[in-house]
Amino acid sequence: ARGKSPVFNTWQLEGLDIVNPNHTSNAGTFSDLPTQYGGGVNMFSAQTLGSTDLFMGINPVQVNNLSGATTNMHLHESAIPEMRVKAGLLGFEFGGSNQPDVHNTIDFNVRYSFTGLLTTLGADFGGERISYYDGVLSWRNTGAHHTLKTFAWYGYSENLFDHRTDTAEIEEYKDFFDINYGNSIIGLGSTYTHTLGAKSSLHAGAAWSTNETIYERFGTFETHTDSINDRDRINLLSAFIECSIPHSTRIKSLIGINYKNRSYSTDDVNSYSYLPFPEESMMRPYVNTAIDFSPSLHLDVGLDLSWSLSHPSADPGYRASLQWNTGDRSSVFAGLRHGAGEASYAANKPFRPPHILNTFYEAGWNLVGARHSLTIDAYAHRMDRLLRLDLSGGYVHMADYPYDRPNTLWPASYTTDASALYYGVEGQWEYRNSGWRCMVNQSLYHSARDNATNQYVAGRYNGQYATHLVLAREIIRERNGKSRIWNIGLRAMWHGGLWEQQIDTLASAQYYTTIYTVGGNFNRRIQDYRRLDLSIVRTVGDSKVRWRYALDIQNVLGLTNVAYTYYDPYLKQVVDQQQLGLIPVLSVQASW
């Protein structure tokens with residue numbers, strides 16, 4: 001998001017922080033190691049989700065992540081009782097909703113992967129056996145003045161790879177090893193809303209989630225034996241309570257407090273193999289006041305205090321945004337936000353440094369018409385108190401996480417006062433008319449981080465530009481008591497390539513892994529990422545059943561995209577790791 005490491009991104013469900021909810025969260029990462037910031041398939045499928053909010057920049061005061069993007073998912077709420085069944089190349093799903101009475105609604109969904117079925121039947125995906133399954137359950141109780149929503153979810157995924165026994169089938173270094181990966185996710189939570197008066201309300205919630213990862217790698221190549229046996233578990237508890245208070249028709253306030261506790265179950269009680277953040281327990285009270293000075297001038301001001309219970313510290317924060325409606329359809333806005341992010345720590349050091357500090361500025365212009373909308377905004381973000389390990393040759397910076405291994409194994413010194421800068425401009429134009437929709441999003445950005453000589457230089461994630469284009473058409477026809485709908489859509493993406501360091505082939509061959517010549521010197525750019533997706537959906541429904549036939553083709557032109565480069569000890573050369581090519585996904589769904 002805007003040139004930042006994905007390690008700073010967070011996930012939420014109904015406004016509550018949860019662990020990474022993705023299946024196969026080791027897919028496509030360097031050495032196929034698990035992560036807590038990415039993944040292949042979201043275990044909350046389209047049949048489970050309703051709307052999803054994406055927060056970046058000057059977030060609402062309730063959102064406590066300032067360092068990266070926050071994805072807040074909301075569970076599907078059926079307007080009327082229905083049942084749903086779906087079969088496709090991503091998996092088989094069964095779900096629906098039921099209302100025992102007018103006050104209670106139960107919604108559920110279960111899914112089993114199509115690849116899991118094929119591997120059970122003996123299909124071979126390049127020697128890998130990939131499967132996953134998940135289930136989501138929610139219950140909603142509504143009354144005259146309250147809404148109570150309780151939900152739970154579980155998912156499991158695995159990726160198994162057996163070494164090649166036939167030497168004629170060996171194509172790369174990975175073929176010499178047995179790799180077993182398993183990922184188990186479980187969580188439960190609840191939210192409660194109570195109307196206190198004509199305009200005031202109380203909102204509260206709590207959620208607990210955990211992600212347990214098993215990663216095993218065993219095998220021998222030449223004289224090198226590789227043995228990895230990791231069993232790691234991350235636990236996340238989050239809660240909040242807030243109250244909205246109207247002071248007058250023009251002034252209203254929001255007062256609340258949220259809490260987050262992150263803990264690990266590993267051999268080292270204070271660390272986790274795939275995150276640069278320690279265990280944490282943090283309380284954050286906040287207040288925000290919205291003032292309408294006039295119908296055309298609106299001000300938001302807020303304060304918060306990030307109070308760490310694990311590593312005693314307190315960091316005050318503030319937020320302010322101003323919107324001025326310059327006409328019936330246009331407005332300008334500006335704002336800033338300052339506050340604490342995650343705590344981080346230096347490896348093998350007995351202390352915990354303070355939390356990352358974020359300062360964010362943004363200003364822009366909106367134009368909304370009957371069919372058109374246009375937004376242009378500029379932003380600048382500074383992150384301070386970052387970890388940087390200074391080496392005898394180069395350095396390793398948290399802004400470039402995940403860390404790469406330079407040929408200098410141990411740092412000569414370190415600092416927790418490193419910083420990073422991110423700035424850019426983003427524009428979006430959207431057009432809707434008679435079933436047509438066109439959306440163009442263009443961003444130009446720059447990301448840099450400091451080095452040991454206090455100079456700011458571009459790092460791994462300085463892609464510089466990102467272009468997104470959506471062109472869609474919906475055609476609706478009613479005939480003989482049936483509705484017939486066509487949805488045809490194209491999505492194009494063109495992202496500037498990320499950056500890599502020069503690989504030390506001699507050291508990589510000696511240590512049987514990828515080692516870089518100079519740490520922190522990102523001087524090689526990967527090719528741009530380009531993709532065109534096509535979606536064709538046909539929906540036919542009457543009063544009894546609604547059928548939906550969908551064909552989604554990712555990368556319909558079969559363009560080649562490189563994820564990263566690495567040294568392969570078997571091939572004895574640097575290799576491009578290509579991302580998946582053309583991926584067609586066909587599905588059929590019935591609901592009644």
# chains A, B, ... in the order shown; residues from 1 in each chain; ligands from 1
>>> residues_around(residues="stretch 431-447 of chain A", least_positions_apart="6", cutoff="7 Å", atoms="only C-alpha atoms", output="PyMOL selection string")
chain A and resi 2-3+371-373+421-425+458-459+461-462+464-475
>>> write_last_selection(atoms="C-alpha atoms", output="short mmCIF file (atom, residue, chain, number, x, y, z; two decimals), in the first residue's frame")
data_model
loop_
_atom_site.label_atom_id
_atom_site.label_comp_id
_atom_site.auth_asym_id
_atom_site.auth_seq_id
_atom_site.Cartn_x
_atom_site.Cartn_y
_atom_site.Cartn_z
CA ARG A 2 1.59 3.23 -1.26
CA GLY A 3 5.11 1.83 -1.34
CA ARG A 371 -22.70 10.29 -13.57
CA HIS A 372 -19.10 11.24 -12.86
CA SER A 373 -16.93 11.46 -9.75
CA LEU A 421 9.42 8.66 4.01
CA TYR A 422 6.46 8.03 1.72
CA TYR A 423 4.79 10.63 -0.46
CA GLY A 424 2.77 10.80 -3.66
CA VAL A 425 -0.37 11.84 -5.47
CA ALA A 458 14.80 4.37 -2.33
CA GLY A 459 14.23 0.83 -1.08
CA TYR A 461 8.98 -1.14 -2.35
CA ASN A 462 9.55 2.02 -4.40
CA GLN A 464 6.80 4.60 -8.25
CA TYR A 465 3.43 4.14 -9.99
CA ALA A 466 0.31 1.97 -10.01
CA THR A 467 -2.51 2.00 -12.55
CA HIS A 468 -5.89 0.29 -12.18
CA LEU A 469 -8.66 0.28 -14.78
CA VAL A 470 -12.14 -1.26 -14.49
CA LEU A 471 -14.63 -1.40 -17.36
CA ALA A 472 -17.92 -3.19 -16.70
CA ARG A 473 -21.36 -3.61 -18.24
CA GLU A 474 -24.55 -4.91 -16.61
CA ILE A 475 -27.55 -5.92 -18.74
#
>>> residues_around(residues="stretch 130-141 of chain A", least_positions_apart="6", cutoff="6 Å", atoms="only C-alpha atoms", output="ChimeraX atom specification")
/A:103-113,115-116,147-159
>>> closest_residue(among="A:Leu389, A:Leu89, A:Ala290, A:Leu66", to="A:Val588", atoms="only C-alpha atoms")
A:Leu89
>>> atom_distance(atom1="atom CA of A:Val85", atom2="atom CA of A:Asn42")
18.4 Å
>>> residues_around(residues="A:Ser51", least_positions_apart="2", cutoff="8 Å", atoms="only C-alpha atoms", output="list in words")
Leu49, Asp53, Met73, His74, Leu75 and His76 of chain A
>>> atom_distance(atom1="atom CA of A:Gly364", atom2="atom CA of A:Ala448")
22.8 Å
>>> closest_residue(among="A:Ile251, A:Ala79, A:Leu506, A:Ala207", to="A:Leu13", atoms="only C-alpha atoms")
A:Ala207
>>> residues_around(residues="A:His298", least_positions_apart="4", cutoff="7 Å", atoms="only C-alpha atoms", output="PDB file with N, CA and C atoms, in the first residue's frame")
ATOM      1  N   ILE A 291     -17.517  19.023  14.067  1.00  0.00           N
ATOM      2  CA  ILE A 291     -18.165  20.330  14.173  1.00  0.00           C
ATOM      3  C   ILE A 291     -18.581  20.794  12.780  1.00  0.00           C
ATOM      4  N   ASP A 292     -19.856  21.096  12.599  1.00  0.00           N
ATOM      5  CA  ASP A 292     -20.341  21.697  11.365  1.00  0.00           C
ATOM      6  C   ASP A 292     -20.473  23.202  11.593  1.00  0.00           C
ATOM      7  N   PHE A 293     -19.469  23.942  11.160  1.00  0.00           N
ATOM      8  CA  PHE A 293     -19.521  25.392  11.315  1.00  0.00           C
ATOM      9  C   PHE A 293     -20.620  26.007  10.446  1.00  0.00           C
ATOM     10  N   LEU A 322     -10.295  18.811   7.776  1.00  0.00           N
ATOM     11  CA  LEU A 322     -11.170  19.931   7.441  1.00  0.00           C
ATOM     12  C   LEU A 322     -11.701  19.722   6.028  1.00  0.00           C
ATOM     13  N   GLN A 323     -13.028  19.850   5.873  1.00  0.00           N
ATOM     14  CA  GLN A 323     -13.644  19.742   4.557  1.00  0.00           C
ATOM     15  C   GLN A 323     -14.472  20.990   4.273  1.00  0.00           C
ATOM     16  N   TRP A 324     -14.244  21.583   3.092  1.00  0.00           N
ATOM     17  CA  TRP A 324     -14.947  22.780   2.676  1.00  0.00           C
ATOM     18  C   TRP A 324     -15.646  22.512   1.350  1.00  0.00           C
TER      19      TRP A 324
END
